>>> print(open('coords-v2.tsv').read())   # TSV, C-alpha atoms
chain	number	residue	atom	x	y	z
A	1	GLN	CA	0.00	0.00	0.00
A	2	LYS	CA	1.40	3.38	-1.03
A	3	GLU	CA	1.87	5.75	1.88
A	4	VAL	CA	0.08	8.69	0.25
A	5	GLU	CA	-2.55	8.17	-2.43
A	6	GLN	CA	-4.20	10.71	-4.69
A	7	ASP	CA	-6.59	10.43	-7.60
A	8	PRO	CA	-4.58	11.62	-10.63
A	9	GLY	CA	-7.59	13.23	-12.35
A	10	PRO	CA	-7.84	15.27	-14.45
A	11	LEU	CA	-10.54	17.09	-12.58
A	12	SER	CA	-12.33	19.56	-14.87
A	13	VAL	CA	-14.52	22.31	-13.43
A	14	PRO	CA	-15.98	25.60	-14.70
A	15	GLU	CA	-14.67	28.90	-13.42
A	16	GLY	CA	-16.22	29.84	-10.09
A	17	ALA	CA	-16.81	26.26	-8.94
A	18	ILE	CA	-15.76	24.92	-5.56
A	19	VAL	CA	-13.03	22.35	-5.98
A	20	SER	CA	-12.35	19.48	-3.59
A	21	LEU	CA	-9.01	17.67	-3.82
A	22	ASN	CA	-8.33	14.67	-1.61
A	23	CYS	CA	-5.61	12.34	-0.40
A	24	THR	CA	-5.40	9.38	1.90
A	25	TYR	CA	-2.35	8.31	3.84
A	26	SER	CA	-1.42	5.16	5.69
A	27	ASN	CA	1.36	6.11	8.11
A	28	SER	CA	-0.06	6.97	11.53
A	29	ALA	CA	3.19	8.74	12.43
A	30	PHE	CA	2.53	11.49	9.91
A	31	GLN	CA	1.79	14.75	11.67
A	32	TYR	CA	2.37	17.41	9.02
A	33	PHE	CA	0.30	17.69	5.89
A	34	MET	CA	1.25	19.93	3.00
A	35	TRP	CA	-0.34	20.98	-0.24
A	36	TYR	CA	1.83	22.01	-3.16
A	37	ARG	CA	0.77	23.42	-6.51
A	38	GLN	CA	2.84	22.60	-9.58
A	39	TYR	CA	2.40	24.30	-12.90
A	40	SER	CA	3.52	22.46	-15.99
A	41	ARG	CA	7.32	22.17	-16.19
A	42	LYS	CA	7.80	24.20	-12.99
A	43	GLY	CA	8.84	23.36	-9.45
A	44	PRO	CA	6.22	22.65	-6.76
A	45	GLU	CA	5.07	25.71	-4.81
A	46	LEU	CA	4.05	25.34	-1.17
A	47	LEU	CA	0.42	26.40	-0.74
A	48	MET	CA	-0.45	25.44	2.80
A	49	TYR	CA	0.41	23.10	5.59
A	50	THR	CA	-1.48	21.85	8.62
A	51	TYR	CA	-0.39	20.11	11.76
A	52	SER	CA	-2.39	17.17	13.08
A	53	SER	CA	-6.15	17.30	12.60
A	54	GLY	CA	-8.20	20.37	11.85
A	55	ASN	CA	-8.77	23.08	9.29
A	56	LYS	CA	-6.65	25.92	8.02
A	57	GLU	CA	-7.87	28.68	5.77
A	58	ASP	CA	-5.90	31.04	3.54
A	59	GLY	CA	-7.90	33.19	1.17
A	60	ARG	CA	-9.77	30.95	-1.26
A	61	PHE	CA	-7.98	27.84	-0.01
A	62	THR	CA	-8.94	25.63	2.93
A	63	ALA	CA	-6.91	22.61	4.03
A	64	GLN	CA	-8.54	19.95	6.17
A	65	VAL	CA	-7.06	16.93	7.93
A	66	ASP	CA	-8.98	14.09	9.55
A	67	LYS	CA	-6.43	11.89	11.30
A	68	SER	CA	-9.06	9.38	12.41
A	69	SER	CA	-9.77	8.47	8.80
A	70	LYS	CA	-6.30	9.45	7.47
A	71	TYR	CA	-7.92	11.79	4.98
A	72	ILE	CA	-6.50	15.07	3.68
A	73	SER	CA	-8.49	17.62	1.69
A	74	LEU	CA	-7.90	20.91	-0.08
A	75	PHE	CA	-10.88	23.08	-1.00
A	76	ILE	CA	-10.62	25.90	-3.49
A	77	ARG	CA	-13.46	28.42	-3.55
A	78	ASP	CA	-14.31	30.54	-6.59
A	79	SER	CA	-11.86	28.63	-8.74
A	80	GLN	CA	-10.03	30.55	-11.46
A	81	PRO	CA	-8.40	29.42	-14.72
A	82	SER	CA	-5.08	30.37	-13.11
A	83	ASP	CA	-5.71	27.60	-10.55
A	84	SER	CA	-5.24	25.05	-13.33
A	85	ALA	CA	-2.25	23.03	-12.21
A	86	THR	CA	-1.31	19.76	-10.57
A	87	TYR	CA	-1.89	19.68	-6.82
A	88	LEU	CA	0.38	17.50	-4.72
A	89	CYS	CA	-0.34	16.47	-1.18
A	90	ALA	CA	2.54	15.50	1.08
A	91	SER	CA	2.83	14.15	4.59
A	92	GLY	CA	5.58	13.62	7.11
A	93	GLY	CA	6.46	13.29	10.76
A	94	SER	CA	8.48	15.69	12.86
A	95	TYR	CA	12.06	16.05	11.64
A	96	SER	CA	11.40	13.63	8.80
A	97	THR	CA	11.27	13.85	5.04
A	98	LEU	CA	8.01	14.27	3.16
A	99	THR	CA	6.12	11.58	1.26
A	100	PHE	CA	4.24	12.88	-1.76
A	101	GLY	CA	1.15	11.71	-3.56
A	102	LYS	CA	1.28	11.49	-7.35
A	103	GLY	CA	-0.74	14.69	-7.74
A	104	THR	CA	-4.17	15.58	-9.08
A	105	MET	CA	-4.39	17.61	-12.28
A	106	LEU	CA	-7.00	20.37	-12.05
A	107	LEU	CA	-8.40	22.13	-15.12
A	108	VAL	CA	-10.56	25.23	-14.58
A	109	SER	CA	-12.26	26.37	-17.74
A	110	PRO	CA	-13.32	30.00	-18.27
B	1	ASN	CA	15.35	37.00	-1.14
B	2	ALA	CA	16.16	34.61	-3.94
B	3	GLY	CA	14.45	31.28	-3.89
B	4	VAL	CA	16.02	27.89	-4.39
B	5	MET	CA	18.18	27.91	-7.49
B	6	GLN	CA	19.02	24.94	-9.64
B	7	ASN	CA	21.27	24.66	-12.63
B	8	PRO	CA	21.38	23.72	-15.31
B	9	ARG	CA	17.67	23.85	-16.07
B	10	HIS	CA	18.06	21.37	-18.89
B	11	LEU	CA	20.81	18.80	-19.29
B	12	VAL	CA	21.32	16.37	-22.13
B	13	ARG	CA	23.73	13.47	-21.73
B	14	ARG	CA	24.56	10.39	-23.74
B	15	ARG	CA	24.45	6.99	-22.12
B	16	GLY	CA	27.55	6.39	-20.05
B	17	GLN	CA	28.32	10.05	-19.38
B	18	GLU	CA	28.14	11.78	-16.01
B	19	ALA	CA	25.46	14.25	-14.98
B	20	ARG	CA	26.05	16.90	-12.32
B	21	LEU	CA	23.08	18.79	-10.97
B	22	ARG	CA	23.52	21.81	-8.69
B	23	CYS	CA	21.26	23.30	-6.07
B	24	SER	CA	21.69	26.50	-4.07
B	25	PRO	CA	19.25	26.64	-1.14
B	26	MET	CA	17.33	29.68	-0.02
B	27	LYS	CA	19.25	32.13	2.13
B	28	GLY	CA	19.39	30.89	5.69
B	29	HIS	CA	18.39	27.34	4.78
B	30	SER	CA	20.85	24.66	5.73
B	31	HIS	CA	18.85	21.57	4.80
B	32	VAL	CA	18.61	20.29	1.24
B	33	TYR	CA	16.48	17.53	-0.23
B	34	TRP	CA	16.66	15.97	-3.68
B	35	TYR	CA	13.63	14.46	-5.42
B	36	ARG	CA	13.11	12.78	-8.77
B	37	GLN	CA	9.91	13.13	-10.77
B	38	LEU	CA	9.12	10.83	-13.66
B	39	PRO	CA	6.26	11.55	-16.11
B	40	GLU	CA	2.91	10.63	-14.54
B	41	GLU	CA	4.67	9.92	-11.24
B	42	GLY	CA	4.84	11.86	-8.04
B	43	LEU	CA	7.93	13.27	-6.41
B	44	LYS	CA	10.15	10.52	-5.10
B	45	PHE	CA	12.48	11.37	-2.26
B	46	MET	CA	16.12	10.59	-2.93
B	47	VAL	CA	18.37	12.15	-0.30
B	48	TYR	CA	18.36	14.62	2.58
B	49	LEU	CA	21.51	16.57	3.42
B	50	GLN	CA	22.75	19.15	5.84
B	51	LYS	CA	26.04	20.96	5.39
B	52	GLU	CA	28.77	18.30	5.09
B	53	ASN	CA	26.38	15.56	6.24
B	54	ILE	CA	24.08	13.06	4.59
B	55	ILE	CA	21.13	12.64	6.92
B	56	ASP	CA	18.94	10.23	4.95
B	57	GLU	CA	19.79	8.61	1.63
B	58	SER	CA	17.19	5.87	1.78
B	59	GLY	CA	15.64	6.92	-1.54
B	60	MET	CA	18.85	7.03	-3.51
B	61	PRO	CA	19.85	4.14	-5.79
B	62	LYS	CA	22.84	2.36	-4.31
B	63	GLU	CA	24.92	2.57	-7.45
B	64	ARG	CA	25.89	5.45	-9.73
B	65	PHE	CA	24.15	8.14	-7.63
B	66	SER	CA	25.82	10.33	-5.04
B	67	ALA	CA	25.09	13.63	-3.36
B	68	GLU	CA	27.01	16.16	-1.36
B	69	PHE	CA	26.44	19.49	0.33
B	70	PRO	CA	29.84	21.00	1.11
B	71	LYS	CA	30.51	23.66	3.68
B	72	GLU	CA	30.85	26.19	0.87
B	73	GLY	CA	28.99	26.12	-2.40
B	74	PRO	CA	25.89	24.40	-3.73
B	75	SER	CA	24.62	20.91	-3.14
B	76	ILE	CA	25.46	18.56	-5.99
B	77	LEU	CA	23.66	15.45	-7.17
B	78	ARG	CA	25.95	13.33	-9.31
B	79	ILE	CA	24.83	10.54	-11.58
B	80	GLN	CA	27.60	8.46	-13.09
B	81	GLN	CA	27.29	6.38	-16.26
B	82	VAL	CA	23.79	7.62	-16.98
B	83	VAL	CA	21.21	5.34	-18.56
B	84	ARG	CA	17.98	6.18	-20.39
B	85	GLY	CA	15.98	5.37	-17.27
B	86	ASP	CA	17.64	8.29	-15.48
B	87	SER	CA	15.77	10.73	-17.72
B	88	ALA	CA	13.53	12.69	-15.37
B	89	ALA	CA	13.05	16.03	-13.67
B	90	TYR	CA	15.21	16.39	-10.59
B	91	PHE	CA	14.05	18.84	-7.98
B	92	CYS	CA	15.89	20.24	-5.04
B	93	ALA	CA	14.16	21.66	-1.98
B	94	SER	CA	15.51	23.47	1.05
B	95	SER	CA	14.27	24.15	4.55
B	96	LEU	CA	15.31	25.93	7.70
B	97	PRO	CA	17.08	23.98	10.41
B	98	ALA	CA	14.66	21.38	11.65
B	99	SER	CA	12.05	22.81	13.95
B	100	GLY	CA	9.51	20.05	13.61
B	101	ILE	CA	7.72	21.78	10.77
B	102	ASN	CA	9.25	20.50	7.58
B	103	GLU	CA	8.35	23.33	5.21
B	104	GLN	CA	10.28	22.59	2.07
B	105	PHE	CA	10.67	25.12	-0.70
B	106	PHE	CA	11.42	23.82	-4.17
B	107	GLY	CA	13.61	24.98	-6.97
B	108	PRO	CA	12.57	25.01	-10.65
B	109	GLY	CA	14.16	21.64	-11.33
B	110	THR	CA	16.70	20.22	-13.74
B	111	ARG	CA	15.32	18.22	-16.63
B	112	LEU	CA	17.75	15.48	-17.53
B	113	THR	CA	17.48	13.79	-20.90
B	114	VAL	CA	19.66	10.77	-21.61
B	115	LEU	CA	20.07	9.96	-25.28
>>> encode(input="coords-v2.tsv", output="C-alpha cells")
Amino acid sequence: QKEVEQDPGPLSVPEGAIVSLNCTYSNSAFQYFMWYRQYSRKGPELLMYTYSSGNKEDGRFTAQVDKSSKYISLFIRDSQPSDSATYLCASGGSYSTLTFGKGTMLLVSP
Amino acid sequence: NAGVMQNPRHLVRRRGQEARLRCSPMKGHSHVYWYRQLPEEGLKFMVYLQKENIIDESGMPKERFSAEFPKEGPSILRIQQVVRGDSAAYFCASSLPASGINEQFFGPGTRLTVL
C-alpha cells in the first residue's frame, strides 16, 4: 500500500466552482500535511500546511485533515483558470522527510 | 530574497556520461532535499543533506548516484554512467534547520534527458 494516495484526475470544473481535492495516507506517524501546486514544467510551490487534525484557511484555499480516517483535503473556492495546475499532497512526521502523492491535475475552464 | 536555485535547467547526456546537478538553497536554509519526478509519477524522495552531512539517503539508488552538500557552495547530485531510465526532472528543496515543521521550498528543477 502506497503511503500517500491521490486520484490523478484530471478534474475539470468551470470557473467559479468549488473544488475538492483529496488524499489518503497510511502512516499513523505522519503529523504534518502539505499541499503544493505545480504548474507544468515548474517546481512545486508550497500552498499550505497543517499540523495534526483540523482546518486551516488562507484566502480561497482551505486545508482539512482528519487523522481518524487518514484523509486530507484541499478546497478551493471561486476557482479561477489560473488555478489550473497539478496539486500535490505531502505528509511527514516531525524532523522527517516528506512523502508525496502522485498529484491531481486540475483544469478550470473560463 | 532569492528562492532555491538549480542549474542547469536542462541537461542532455549520452548513455555512459556523467550528470552533475547543482542546487543552491534559499538564504538561511541549511537543509537540502533531492527528489526525482518521472512523467505521470509523483515526487520521489532521494536524499536529505545538511552541510557536510548526509542525513537520509534511503531513496537514492545504491549505485551510480551520489550527493554532497559541502561547507561552501551548492549541493550537488551526481549521476555516473547515466542510462535512459535516469531521464527525469530532478528537484531540489531546502528548509530551515529542523524545527519540527518540515516546510520545504522547491527549486525550478533540472530536466535530464539521456540519449
>>> atom_distance(input="coords-v2.tsv", atom1="atom CA of A:Ser96", atom2="atom CA of A:Thr24")
18.7 Å
>>> atom_distance(input="coords-v2.tsv", atom1="atom CA of B:His31", atom2="atom CA of A:Ser52")
23.2 Å
>>> closest_residue(input="coords-v2.tsv", among="A:Gly103, A:Phe75, A:Thr62, A:Tyr25", to="A:Ser91", atoms="all atoms listed in the file")
A:Tyr25
>>> residues_around(input="coords-v2.tsv", residues="stretch 80-86 of chain B", least_positions_apart="2", cutoff="7 Å", atoms="only C-alpha atoms", output="NGL selection string")
:B and (15-19 or 64-65 or 78 or 88 or 114-115)
>>> write_last_selection(input="coords-v2.tsv", atoms="C-alpha atoms", output="compact mmCIF listing (two decimals), in the frame of the given file")
# COMPACT_ATOMS: atom_id res chain seq x y z
CA ARG B 15 24.45 6.99 -22.12
CA GLY B 16 27.55 6.39 -20.05
CA GLN B 17 28.32 10.05 -19.38
CA GLU B 18 28.14 11.78 -16.01
CA ALA B 19 25.46 14.25 -14.98
CA ARG B 64 25.89 5.45 -9.73
CA PHE B 65 24.15 8.14 -7.63
CA ARG B 78 25.95 13.33 -9.31
CA ALA B 88 13.53 12.69 -15.37
CA VAL B 114 19.66 10.77 -21.61
CA LEU B 115 20.07 9.96 -25.28
>>> atom_distance(input="coords-v2.tsv", atom1="atom CA of A:Gly101", atom2="atom CA of A:Ser82")
21.9 Å
>>> residues_near_point(input="coords-v2.tsv", point="(19.4, 17.7, -2.8)", cutoff="9 Å", atoms="all atoms listed in the file", output="PDB file with C-alpha atoms, in the frame of the given file")
ATOM      1  CA  ARG B  22      23.520  21.810  -8.690  1.00  0.00           C
ATOM      2  CA  CYS B  23      21.260  23.300  -6.070  1.00  0.00           C
ATOM      3  CA  HIS B  31      18.850  21.570   4.800  1.00  0.00           C
ATOM      4  CA  VAL B  32      18.610  20.290   1.240  1.00  0.00           C
ATOM      5  CA  TYR B  33      16.480  17.530  -0.230  1.00  0.00           C
ATOM      6  CA  TRP B  34      16.660  15.970  -3.680  1.00  0.00           C
ATOM      7  CA  TYR B  35      13.630  14.460  -5.420  1.00  0.00           C
ATOM      8  CA  MET B  46      16.120  10.590  -2.930  1.00  0.00           C
ATOM      9  CA  VAL B  47      18.370  12.150  -0.300  1.00  0.00           C
ATOM     10  CA  TYR B  48      18.360  14.620   2.580  1.00  0.00           C
ATOM     11  CA  LEU B  49      21.510  16.570   3.420  1.00  0.00           C
ATOM     12  CA  ALA B  67      25.090  13.630  -3.360  1.00  0.00           C
ATOM     13  CA  GLU B  68      27.010  16.160  -1.360  1.00  0.00           C
ATOM     14  CA  PHE B  69      26.440  19.490   0.330  1.00  0.00           C
ATOM     15  CA  SER B  75      24.620  20.910  -3.140  1.00  0.00           C
ATOM     16  CA  ILE B  76      25.460  18.560  -5.990  1.00  0.00           C
ATOM     17  CA  LEU B  77      23.660  15.450  -7.170  1.00  0.00           C
ATOM     18  CA  TYR B  90      15.210  16.390 -10.590  1.00  0.00           C
ATOM     19  CA  PHE B  91      14.050  18.840  -7.980  1.00  0.00           C
ATOM     20  CA  CYS B  92      15.890  20.240  -5.040  1.00  0.00           C
ATOM     21  CA  ALA B  93      14.160  21.660  -1.980  1.00  0.00           C
ATOM     22  CA  SER B  94      15.510  23.470   1.050  1.00  0.00           C
TER      23      SER B  94
END
>>> build_atoms(input="coords-v2.tsv", residues="stretch 19-44 of chain B", atoms="N, CA, C and O atoms", output="PDB file, in the coordinates of the input")
ATOM      1  N   ALA B  19      26.314  13.065 -15.122  1.00  0.00           N
ATOM      2  CA  ALA B  19      25.460  14.250 -14.980  1.00  0.00           C
ATOM      3  C   ALA B  19      25.700  14.853 -13.599  1.00  0.00           C
ATOM      4  O   ALA B  19      25.738  14.136 -12.599  1.00  0.00           O
ATOM      5  N   ARG B  20      25.865  16.175 -13.589  1.00  0.00           N
ATOM      6  CA  ARG B  20      26.050  16.900 -12.320  1.00  0.00           C
ATOM      7  C   ARG B  20      24.972  17.960 -12.214  1.00  0.00           C
ATOM      8  O   ARG B  20      24.905  18.858 -13.043  1.00  0.00           O
ATOM      9  N   LEU B  21      24.172  17.870 -11.168  1.00  0.00           N
ATOM     10  CA  LEU B  21      23.080  18.790 -10.970  1.00  0.00           C
ATOM     11  C   LEU B  21      23.382  19.613  -9.716  1.00  0.00           C
ATOM     12  O   LEU B  21      23.788  19.055  -8.693  1.00  0.00           O
ATOM     13  N   ARG B  22      23.166  20.924  -9.807  1.00  0.00           N
ATOM     14  CA  ARG B  22      23.520  21.810  -8.690  1.00  0.00           C
ATOM     15  C   ARG B  22      22.293  22.464  -8.080  1.00  0.00           C
ATOM     16  O   ARG B  22      21.326  22.773  -8.778  1.00  0.00           O
ATOM     17  N   CYS B  23      22.371  22.686  -6.792  1.00  0.00           N
ATOM     18  CA  CYS B  23      21.260  23.300  -6.070  1.00  0.00           C
ATOM     19  C   CYS B  23      21.797  24.268  -5.026  1.00  0.00           C
ATOM     20  O   CYS B  23      22.597  23.875  -4.166  1.00  0.00           O
ATOM     21  N   SER B  24      21.351  25.511  -5.102  1.00  0.00           N
ATOM     22  CA  SER B  24      21.690  26.500  -4.070  1.00  0.00           C
ATOM     23  C   SER B  24      20.435  26.752  -3.249  1.00  0.00           C
ATOM     24  O   SER B  24      19.420  27.212  -3.789  1.00  0.00           O
ATOM     25  N   PRO B  25      20.464  26.472  -1.959  1.00  0.00           N
ATOM     26  CA  PRO B  25      19.250  26.640  -1.140  1.00  0.00           C
ATOM     27  C   PRO B  25      18.919  28.103  -0.920  1.00  0.00           C
ATOM     28  O   PRO B  25      19.708  28.993  -1.229  1.00  0.00           O
ATOM     29  N   MET B  26      17.723  28.322  -0.380  1.00  0.00           N
ATOM     30  CA  MET B  26      17.330  29.680  -0.020  1.00  0.00           C
ATOM     31  C   MET B  26      18.255  30.199   1.067  1.00  0.00           C
ATOM     32  O   MET B  26      18.809  29.422   1.858  1.00  0.00           O
ATOM     33  N   LYS B  27      18.380  31.503   1.131  1.00  0.00           N
ATOM     34  CA  LYS B  27      19.250  32.130   2.130  1.00  0.00           C
ATOM     35  C   LYS B  27      18.785  31.715   3.528  1.00  0.00           C
ATOM     36  O   LYS B  27      17.586  31.779   3.847  1.00  0.00           O
ATOM     37  N   GLY B  28      19.721  31.279   4.324  1.00  0.00           N
ATOM     38  CA  GLY B  28      19.390  30.890   5.690  1.00  0.00           C
ATOM     39  C   GLY B  28      18.979  29.440   5.840  1.00  0.00           C
ATOM     40  O   GLY B  28      18.857  28.937   6.959  1.00  0.00           O
ATOM     41  N   HIS B  29      18.767  28.757   4.727  1.00  0.00           N
ATOM     42  CA  HIS B  29      18.390  27.340   4.780  1.00  0.00           C
ATOM     43  C   HIS B  29      19.644  26.483   4.766  1.00  0.00           C
ATOM     44  O   HIS B  29      20.516  26.671   3.921  1.00  0.00           O
ATOM     45  N   SER B  30      19.671  25.520   5.665  1.00  0.00           N
ATOM     46  CA  SER B  30      20.850  24.660   5.730  1.00  0.00           C
ATOM     47  C   SER B  30      20.518  23.199   5.460  1.00  0.00           C
ATOM     48  O   SER B  30      21.378  22.336   5.602  1.00  0.00           O
ATOM     49  N   HIS B  31      19.266  22.941   5.089  1.00  0.00           N
ATOM     50  CA  HIS B  31      18.850  21.570   4.800  1.00  0.00           C
ATOM     51  C   HIS B  31      18.433  21.493   3.332  1.00  0.00           C
ATOM     52  O   HIS B  31      17.723  22.376   2.847  1.00  0.00           O
ATOM     53  N   VAL B  32      18.891  20.464   2.671  1.00  0.00           N
ATOM     54  CA  VAL B  32      18.610  20.290   1.240  1.00  0.00           C
ATOM     55  C   VAL B  32      18.069  18.887   1.001  1.00  0.00           C
ATOM     56  O   VAL B  32      18.539  17.919   1.615  1.00  0.00           O
ATOM     57  N   TYR B  33      17.106  18.806   0.128  1.00  0.00           N
ATOM     58  CA  TYR B  33      16.480  17.530  -0.230  1.00  0.00           C
ATOM     59  C   TYR B  33      16.505  17.418  -1.748  1.00  0.00           C
ATOM     60  O   TYR B  33      16.256  18.396  -2.440  1.00  0.00           O
ATOM     61  N   TRP B  34      16.737  16.229  -2.245  1.00  0.00           N
ATOM     62  CA  TRP B  34      16.660  15.970  -3.680  1.00  0.00           C
ATOM     63  C   TRP B  34      15.518  14.991  -3.947  1.00  0.00           C
ATOM     64  O   TRP B  34      15.369  13.982  -3.224  1.00  0.00           O
ATOM     65  N   TYR B  35      14.747  15.303  -5.002  1.00  0.00           N
ATOM     66  CA  TYR B  35      13.630  14.460  -5.420  1.00  0.00           C
ATOM     67  C   TYR B  35      13.756  14.195  -6.922  1.00  0.00           C
ATOM     68  O   TYR B  35      14.295  15.018  -7.668  1.00  0.00           O
ATOM     69  N   ARG B  36      13.185  13.077  -7.343  1.00  0.00           N
ATOM     70  CA  ARG B  36      13.110  12.780  -8.770  1.00  0.00           C
ATOM     71  C   ARG B  36      11.635  12.662  -9.147  1.00  0.00           C
ATOM     72  O   ARG B  36      10.841  12.092  -8.384  1.00  0.00           O
ATOM     73  N   GLN B  37      11.295  13.202 -10.298  1.00  0.00           N
ATOM     74  CA  GLN B  37       9.910  13.130 -10.770  1.00  0.00           C
ATOM     75  C   GLN B  37       9.904  12.586 -12.186  1.00  0.00           C
ATOM     76  O   GLN B  37      10.443  13.201 -13.107  1.00  0.00           O
ATOM     77  N   LEU B  38       9.294  11.425 -12.342  1.00  0.00           N
ATOM     78  CA  LEU B  38       9.120  10.830 -13.660  1.00  0.00           C
ATOM     79  C   LEU B  38       7.755  11.223 -14.200  1.00  0.00           C
ATOM     80  O   LEU B  38       6.848  11.524 -13.421  1.00  0.00           O
ATOM     81  N   PRO B  39       7.574  11.216 -15.533  1.00  0.00           N
ATOM     82  CA  PRO B  39       6.260  11.550 -16.110  1.00  0.00           C
ATOM     83  C   PRO B  39       5.170  10.692 -15.483  1.00  0.00           C
ATOM     84  O   PRO B  39       5.349   9.485 -15.311  1.00  0.00           O
ATOM     85  N   GLU B  40       4.067  11.312 -15.138  1.00  0.00           N
ATOM     86  CA  GLU B  40       2.910  10.630 -14.540  1.00  0.00           C
ATOM     87  C   GLU B  40       3.201  10.067 -13.154  1.00  0.00           C
ATOM     88  O   GLU B  40       2.399   9.331 -12.597  1.00  0.00           O
ATOM     89  N   GLU B  41       4.339  10.411 -12.586  1.00  0.00           N
ATOM     90  CA  GLU B  41       4.670   9.920 -11.240  1.00  0.00           C
ATOM     91  C   GLU B  41       4.776  11.097 -10.291  1.00  0.00           C
ATOM     92  O   GLU B  41       4.974  12.240 -10.688  1.00  0.00           O
ATOM     93  N   GLY B  42       4.662  10.820  -9.034  1.00  0.00           N
ATOM     94  CA  GLY B  42       4.840  11.860  -8.040  1.00  0.00           C
ATOM     95  C   GLY B  42       6.311  12.100  -7.766  1.00  0.00           C
ATOM     96  O   GLY B  42       7.190  11.494  -8.375  1.00  0.00           O
ATOM     97  N   LEU B  43       6.555  12.988  -6.844  1.00  0.00           N
ATOM     98  CA  LEU B  43       7.930  13.270  -6.410  1.00  0.00           C
ATOM     99  C   LEU B  43       8.417  12.128  -5.534  1.00  0.00           C
ATOM    100  O   LEU B  43       7.770  11.774  -4.548  1.00  0.00           O
ATOM    101  N   LYS B  44       9.567  11.597  -5.886  1.00  0.00           N
ATOM    102  CA  LYS B  44      10.150  10.520  -5.100  1.00  0.00           C
ATOM    103  C   LYS B  44      11.374  11.049  -4.372  1.00  0.00           C
ATOM    104  O   LYS B  44      12.325  11.531  -5.005  1.00  0.00           O
TER     105      LYS B  44
END
